[in-house]
Amino acid sequence: MSTSPTTSRDTSVLLEAVNVHRHYRGEASDVHALRGVTLQIHRGEFVAIVGASGSGKSTLMHLLGAVDAPDQGRIVLEGQDISTLSDRNATRLRLRRIGLVFQRFYLMPTLSAIENVELPMAEAGIGREQRKRRAAELLSFVGLGERLTHRPTQLSGGEQQRVAVARALANGPALLLADEPTGELDAATGASLIALLQRLNADGLTCVLVTHDAALARSAQRVITMRDGQIVSDDRNDIDDRTESDDRNDIDDRTVSDDRNPTAPPLP
Amino acid sequence: MRFSLALAALRRHPMRTLLAIFGVAIASALLLDMVMLATGMRASFRSLLTSRGYELRITPRGTLPFDTEATVGGATALIASVRAHPDVMQVSASLGTTVQVERAGAPTSTSTSAFALGTDPAVQGEYTVLTGRLPTTSTAGLLTEVIANNALLTRLGAAVGDTLSVSTGRSAQLRLSGDAVRAVIVGEARFLYVPPGLPAVSAPLSAVQALLGEAGRDRISLAMAAVRASPATSDNSDRTEAVRQWIEGTHSRVTAISTETAIVQVEERLAYFRQLAFILGALSLVIGVLLVTTLVSLSVNERLGELAVLRAIGVVRTGVLQQVMLEGLMLGVSGITLGLGLGLITARWLNTILRDFPGLPADLDFFVWSPEAAWKALAMLLVASTLAGAWPAWRASQLRVAQALREEAIG
């Protein structure tokens, strides 16, 4: 099944950040989370953003996902400046064009797996029957076809994250943004999730991940490293090829040895 | 989907939600009862006064009906005069007194004092016959038949057909005097203005006057007049007022009071009840609102991360607002539905207790179901409980998504 509207290999620029700044008013002092970040992400890319805690990678992901707006600079998605959108328009954009996956899954605990996946579709006004059918297909795609009516508490961490991925794919986004998607998973489960994301990318979906996970970072075609709110490297190679740096120490090596080539789960 | 989410949010902590619903139900029940109390006594009193169709009550000057034992003499002339007025359709005169009664042949220890009402059975507006028939007098106008209420029959262990000894002795400790007369119980009646537990009998006016001897000769305690309906308008108040003024102008020994005036006077006396009902009703409304606000606020505070994620995945502010307000509305609807039943049950129970209050007419109700007033009260509570969820809902909708996600990730 196709999970993304992008079916051909169009490699034009999908997402662009231009001289983006973001600072927060902290209790003691202001925090300058991003300092003039500029980057381009092309359609079909699989990008990992890595860096130490506090380097600004999650802030960058929020800005790229229209969850937050920059103090200065522009974020352009599919040719549209999304940094100046009203809250309503930004929300609609997230609903239809951006899929978000979080470290802690954040499924609605009182809804079943299928209802969680239906949620964005219901919000987009898709009819009950159609969204049920698509939600079931998406859950089958992520390997949870037998778990449709299970509640999050009845699912393992890996299964919950798969439901979260299915939810992110519900409205056929152009971009999948994931913040530490393997952060709460063990090595084997994380590898399985990485395989799923790779499969989605292979289908044409643009994926941008923020991660500490070396295995996940290695699985990306492109690794952007951040430090102190700035991009310090933007490599198209395996992370192991990089020279040793402070940033490398921030990457969790737990999955490096046994998850170099994770096997994708069987897909429908 | 919003409904499912709101319902799910409430079901997450079932015990807490149940307690909140019970709280709202109790507040609703209290509000409903207070509305029933505030409007009920007035409605019940009006119904009591108007049920027999007499618009005017004529009493000894300066007194209220049966407020004192005062009587007015020259009753025959007074009644004839009032009855002769062209706008007066009917006059019913009554004389009330206390008598001592016992079942003939029974030990005197079973004697009891009772309220005796002399009135013309054909036109009386004081009681309704439950069984048997109306009493008559002997050809000499003496007491030979009475109609009794259930309290008297129960107290004496008597039944319709039994004979009573009736005297004007006023103490239960006194033996009946030699001038006690015998009267047959010809029926059982419900006396409209007599307290439910008070034994009462009624006989024709002339018979009770004769029983009282000189003290009762041609005297009455109360006369009631029915005014002819005005052909031009359904509102008969002007004509009633004209007759009332005529009676007071013509007969200086009496006070004439219209039903409407009596109701106004009673309302003035009931102002305290209404104020109390208003205060308790307002208090229950505030309690209901606070309960809903507290519970929904608590629920929102626990779910900031979830709500932030909802916003992040594309739920607009108004969507979150609607969902949280729906939670408040669902609490309100559940509580009010339960409160409606609870309120009716407690009103009935309280009414039974209050009706046993000494000295109150049997037909007076404190809590009267008035659909319009009740629905207004419940609608008010529904709106209040919906609005009670508005503040936490607004807070939830104004959540800064990125900040909430950051805090959630740190937490």
# chains A, B, ... in the order shown; residues from 1 in each chain; ligands from 1

call {"tool": "closest_atom_pairs", "arguments": {"of": "chain A", "to": "chain B", "cutoff": "7 Å", "atoms": "only C-alpha atoms", "output": "Markdown table"}}
result
| residue | atom | partner | partner_atom | distance |
| --- | --- | --- | --- | --- |
| A:His62 | CA | B:Ala402 | CA | 6.5 |
| A:Val67 | CA | B:Ala402 | CA | 5.9 |
| A:Asp68 | CA | B:Ala402 | CA | 5.8 |
| A:Arg88 | CA | B:Val316 | CA | 6.1 |
| A:Thr91 | CA | B:Gly314 | CA | 4.9 |
| A:Arg92 | CA | B:Gly314 | CA | 5.9 |
| A:Arg94 | CA | B:Gly314 | CA | 5.3 |
| A:Leu95 | CA | B:Gly314 | CA | 4.0 |
| A:Leu100 | CA | B:Ile313 | CA | 6.5 |
| A:Tyr106 | CA | B:Glu306 | CA | 6.4 |
| A:Met108 | CA | B:Glu306 | CA | 6.8 |
| A:Thr110 | CA | B:Ala8 | CA | 5.4 |
| A:Pro120 | CA | B:Gly314 | CA | 6.6 |
| A:Ala122 | CA | B:Met1 | CA | 6.7 |
| A:Glu123 | CA | B:Val315 | CA | 6.3 |

call {"tool": "write_last_selection", "arguments": {"atoms": "C-alpha atoms", "output": "PDB file, in the first residue's frame"}}
result
ATOM      1  CA  HIS A  62       8.944  21.964  16.150  1.00  0.00           C
ATOM      2  CA  VAL A  67       4.246  23.466  15.849  1.00  0.00           C
ATOM      3  CA  ASP A  68       6.146  26.625  16.722  1.00  0.00           C
ATOM      4  CA  ARG A  88      -5.578  27.847  12.628  1.00  0.00           C
ATOM      5  CA  THR A  91      -2.881  23.510  12.607  1.00  0.00           C
ATOM      6  CA  ARG A  92      -4.611  22.646   9.327  1.00  0.00           C
ATOM      7  CA  ARG A  94      -0.009  19.916  10.348  1.00  0.00           C
ATOM      8  CA  LEU A  95      -3.198  17.945   9.986  1.00  0.00           C
ATOM      9  CA  LEU A 100       4.388  13.895  13.779  1.00  0.00           C
ATOM     10  CA  TYR A 106       1.402  10.180  23.121  1.00  0.00           C
ATOM     11  CA  MET A 108      -4.852   8.798  23.619  1.00  0.00           C
ATOM     12  CA  THR A 110      -8.672   5.860  26.436  1.00  0.00           C
ATOM     13  CA  PRO A 120      -6.574  12.941  12.530  1.00  0.00           C
ATOM     14  CA  ALA A 122     -11.947  12.551  11.829  1.00  0.00           C
ATOM     15  CA  GLU A 123     -10.469  15.986  12.326  1.00  0.00           C
TER      16      GLU A 123
END

call {"tool": "residues_around", "arguments": {"residues": "Arg239 in chain B", "least_positions_apart": "6", "cutoff": "12 Å", "atoms": "only C-alpha atoms", "output": "ChimeraX atom specification"}}
result
/B:55-56,85-88,226-233,245-246,258

call {"tool": "write_last_selection", "arguments": {"atoms": "C-alpha atoms", "output": "PDB file, in the first residue's frame"}}
result
ATOM      1  CA  GLU B  55     -63.842  34.744  45.583  1.00  0.00           C
ATOM      2  CA  LEU B  56     -64.664  36.627  48.790  1.00  0.00           C
ATOM      3  CA  HIS B  85     -76.373  41.737  45.778  1.00  0.00           C
ATOM      4  CA  PRO B  86     -76.883  41.342  42.025  1.00  0.00           C
ATOM      5  CA  ASP B  87     -73.274  40.314  41.411  1.00  0.00           C
ATOM      6  CA  VAL B  88     -73.252  37.671  44.149  1.00  0.00           C
ATOM      7  CA  ALA B 226     -69.084  33.574  44.946  1.00  0.00           C
ATOM      8  CA  VAL B 227     -69.203  36.448  42.489  1.00  0.00           C
ATOM      9  CA  ARG B 228     -70.927  36.107  39.131  1.00  0.00           C
ATOM     10  CA  ALA B 229     -68.565  35.850  36.219  1.00  0.00           C
ATOM     11  CA  SER B 230     -68.233  39.001  34.181  1.00  0.00           C
ATOM     12  CA  PRO B 231     -69.683  38.440  30.691  1.00  0.00           C
ATOM     13  CA  ALA B 232     -67.269  40.906  29.081  1.00  0.00           C
ATOM     14  CA  THR B 233     -63.981  39.591  30.376  1.00  0.00           C
ATOM     15  CA  GLN B 245     -66.019  47.297  48.777  1.00  0.00           C
ATOM     16  CA  TRP B 246     -69.790  47.203  48.842  1.00  0.00           C
ATOM     17  CA  SER B 258     -60.790  38.726  48.181  1.00  0.00           C
TER      18      SER B 258
END

call {"tool": "atom_distance", "arguments": {"atom1": "CA of Ile21 in chain B", "atom2": "CA of Gly335 in chain B"}}
result
4.6 Å

call {"tool": "atom_distance", "arguments": {"atom1": "CA of Leu48 in chain B", "atom2": "CA of Ala77 in chain B"}}
result
28.3 Å

call {"tool": "select_by_dssp", "arguments": {"residues": "range 19-263 of chain A", "states": "strand (DSSP E)", "output": "MDAnalysis selection string"}}
result
chainID A and resid 19:25 30:42 46:51 72:77 80:81 98:101 175:179 206:210 222:227 230:235

call {"tool": "select_by_dssp", "arguments": {"residues": "range 100-228 of chain B", "states": "alpha helix (DSSP H)", "output": "ChimeraX atom specification"}}
result
/B:150-156,205-212

call {"tool": "atom_distance", "arguments": {"atom1": "CA of Ser206 in chain B", "atom2": "CA of Pro358 in chain B"}}
result
29.2 Å

call {"tool": "residues_around", "arguments": {"residues": "Arg190 in chain B", "least_positions_apart": "2", "cutoff": "6 Å", "atoms": "only C-alpha atoms", "output": "JSON, numbers by chain"}}
result
{"B": [127, 128, 149]}

call {"tool": "residues_around", "arguments": {"residues": "range 364-368 of chain B", "least_positions_apart": "3", "cutoff": "12 Å", "atoms": "only C-alpha atoms", "output": "VMD selection string"}}
result
chain B and resid 30 32 to 49 51 191 to 196 270 273 to 274 277 343 to 357 359 to 361 371 to 374

call {"tool": "write_last_selection", "arguments": {"atoms": "N, CA and C atoms", "output": "short mmCIF file (atom, residue, chain, number, x, y, z; two decimals), in the first residue's frame"}}
result
data_model
loop_
_atom_site.label_atom_id
_atom_site.label_comp_id
_atom_site.auth_asym_id
_atom_site.auth_seq_id
_atom_site.Cartn_x
_atom_site.Cartn_y
_atom_site.Cartn_z
N LEU B 30 -31.33 19.95 44.91
CA LEU B 30 -31.57 21.04 45.85
C LEU B 30 -32.16 22.24 45.12
N LEU B 32 -33.84 22.22 42.31
CA LEU B 32 -35.20 21.87 41.91
C LEU B 32 -36.16 21.99 43.09
N ASP B 33 -35.74 21.46 44.24
CA ASP B 33 -36.58 21.51 45.44
C ASP B 33 -36.84 22.95 45.86
N MET B 34 -35.80 23.77 45.76
CA MET B 34 -35.98 25.16 46.18
C MET B 34 -36.92 25.90 45.24
N VAL B 35 -36.83 25.58 43.95
CA VAL B 35 -37.76 26.20 43.00
C VAL B 35 -39.18 25.71 43.28
N MET B 36 -39.30 24.41 43.57
CA MET B 36 -40.62 23.86 43.89
C MET B 36 -41.17 24.46 45.17
N LEU B 37 -40.28 24.73 46.12
CA LEU B 37 -40.71 25.31 47.39
C LEU B 37 -41.12 26.78 47.18
N ALA B 38 -40.29 27.50 46.41
CA ALA B 38 -40.56 28.93 46.22
C ALA B 38 -41.87 29.16 45.49
N THR B 39 -42.17 28.31 44.53
CA THR B 39 -43.38 28.52 43.74
C THR B 39 -44.54 27.65 44.23
N GLY B 40 -44.19 26.57 44.93
CA GLY B 40 -45.19 25.57 45.28
C GLY B 40 -46.20 26.03 46.31
N MET B 41 -45.73 26.66 47.40
CA MET B 41 -46.66 27.06 48.45
C MET B 41 -47.66 28.07 47.92
N ARG B 42 -47.16 28.98 47.10
CA ARG B 42 -48.02 30.01 46.52
C ARG B 42 -49.09 29.35 45.65
N ALA B 43 -48.62 28.43 44.77
CA ALA B 43 -49.55 27.76 43.87
C ALA B 43 -50.54 26.91 44.64
N SER B 44 -50.03 26.24 45.67
CA SER B 44 -50.89 25.36 46.45
C SER B 44 -51.94 26.16 47.22
N PHE B 45 -51.51 27.30 47.76
CA PHE B 45 -52.44 28.13 48.53
C PHE B 45 -53.52 28.71 47.60
N ARG B 46 -53.07 29.12 46.43
CA ARG B 46 -54.03 29.66 45.44
C ARG B 46 -55.05 28.58 45.07
N SER B 47 -54.53 27.39 44.83
CA SER B 47 -55.41 26.29 44.45
C SER B 47 -56.40 25.99 45.57
N LEU B 48 -55.90 26.05 46.81
CA LEU B 48 -56.74 25.77 47.98
C LEU B 48 -57.88 26.79 48.08
N LEU B 49 -57.54 28.06 47.88
CA LEU B 49 -58.54 29.11 48.05
C LEU B 49 -59.53 29.17 46.90
N SER B 51 -60.32 26.58 44.88
CA SER B 51 -60.84 25.27 44.45
C SER B 51 -62.37 25.20 44.53
N PHE B 191 -61.69 17.60 55.08
CA PHE B 191 -61.86 19.03 55.33
C PHE B 191 -60.66 19.78 54.74
N LEU B 192 -60.97 20.74 53.87
CA LEU B 192 -59.91 21.39 53.10
C LEU B 192 -58.99 22.24 53.96
N TYR B 193 -59.56 22.92 54.95
CA TYR B 193 -58.76 23.88 55.71
C TYR B 193 -58.39 23.38 57.10
N VAL B 194 -58.68 22.13 57.38
CA VAL B 194 -58.39 21.57 58.70
C VAL B 194 -57.10 20.75 58.62
N PRO B 195 -56.20 20.93 59.57
CA PRO B 195 -54.96 20.14 59.56
C PRO B 195 -55.27 18.64 59.55
N PRO B 196 -54.44 17.86 58.89
CA PRO B 196 -54.78 16.45 58.65
C PRO B 196 -55.00 15.62 59.93
N LEU B 270 -45.01 34.48 53.25
CA LEU B 270 -44.10 33.43 52.77
C LEU B 270 -42.81 34.00 52.19
N PHE B 273 -39.75 32.26 53.22
CA PHE B 273 -39.52 30.96 52.56
C PHE B 273 -38.90 31.16 51.19
N ARG B 274 -39.44 32.16 50.48
CA ARG B 274 -38.94 32.40 49.12
C ARG B 274 -37.49 32.86 49.14
N ALA B 277 -35.39 29.94 49.91
CA ALA B 277 -35.31 29.08 48.73
C ALA B 277 -34.38 29.68 47.69
N GLY B 343 -34.47 15.00 43.15
CA GLY B 343 -35.19 16.19 43.62
C GLY B 343 -36.66 15.89 43.85
N LEU B 344 -37.25 15.11 42.93
CA LEU B 344 -38.68 14.79 43.07
C LEU B 344 -38.91 13.89 44.28
N ILE B 345 -37.98 12.95 44.50
CA ILE B 345 -38.13 12.05 45.64
C ILE B 345 -37.99 12.83 46.95
N THR B 346 -36.96 13.67 47.03
CA THR B 346 -36.74 14.43 48.28
C THR B 346 -37.87 15.43 48.50
N ALA B 347 -38.39 16.01 47.41
CA ALA B 347 -39.48 16.98 47.55
C ALA B 347 -40.71 16.29 48.14
N ARG B 348 -40.96 15.10 47.66
CA ARG B 348 -42.12 14.35 48.16
C ARG B 348 -41.95 14.02 49.64
N TRP B 349 -40.74 13.61 49.97
CA TRP B 349 -40.44 13.23 51.36
C TRP B 349 -40.55 14.46 52.28
N LEU B 350 -39.93 15.57 51.84
CA LEU B 350 -39.98 16.79 52.66
C LEU B 350 -41.40 17.32 52.77
N ASN B 351 -42.16 17.17 51.69
CA ASN B 351 -43.55 17.64 51.70
C ASN B 351 -44.36 16.88 52.75
N THR B 352 -44.11 15.58 52.82
CA THR B 352 -44.82 14.76 53.81
C THR B 352 -44.50 15.24 55.22
N ILE B 353 -43.22 15.53 55.45
CA ILE B 353 -42.81 15.99 56.78
C ILE B 353 -43.45 17.34 57.09
N LEU B 354 -43.38 18.26 56.14
CA LEU B 354 -43.87 19.62 56.40
C LEU B 354 -45.40 19.67 56.52
N ARG B 355 -46.08 18.77 55.82
CA ARG B 355 -47.55 18.76 55.89
C ARG B 355 -48.03 18.33 57.27
N ASP B 356 -47.17 17.65 58.00
CA ASP B 356 -47.54 17.23 59.36
C ASP B 356 -47.36 18.36 60.37
N PHE B 357 -46.87 19.50 59.88
CA PHE B 357 -46.69 20.65 60.76
C PHE B 357 -48.04 21.02 61.35
N GLY B 359 -51.41 22.68 62.55
CA GLY B 359 -52.18 23.87 62.22
C GLY B 359 -52.29 24.19 60.75
N LEU B 360 -51.71 23.36 59.89
CA LEU B 360 -51.77 23.67 58.46
C LEU B 360 -52.88 22.88 57.79
N PRO B 361 -53.58 23.51 56.84
CA PRO B 361 -54.64 22.78 56.12
C PRO B 361 -54.10 21.52 55.45
N PRO B 371 -43.90 22.33 36.01
CA PRO B 371 -42.97 21.98 34.93
C PRO B 371 -42.17 23.17 34.41
N GLU B 372 -42.86 24.29 34.24
CA GLU B 372 -42.17 25.45 33.65
C GLU B 372 -41.03 25.90 34.56
N ALA B 373 -41.35 26.04 35.86
CA ALA B 373 -40.32 26.50 36.80
C ALA B 373 -39.19 25.49 36.91
N ALA B 374 -39.58 24.21 36.94
CA ALA B 374 -38.56 23.16 37.09
C ALA B 374 -37.63 23.12 35.88
#
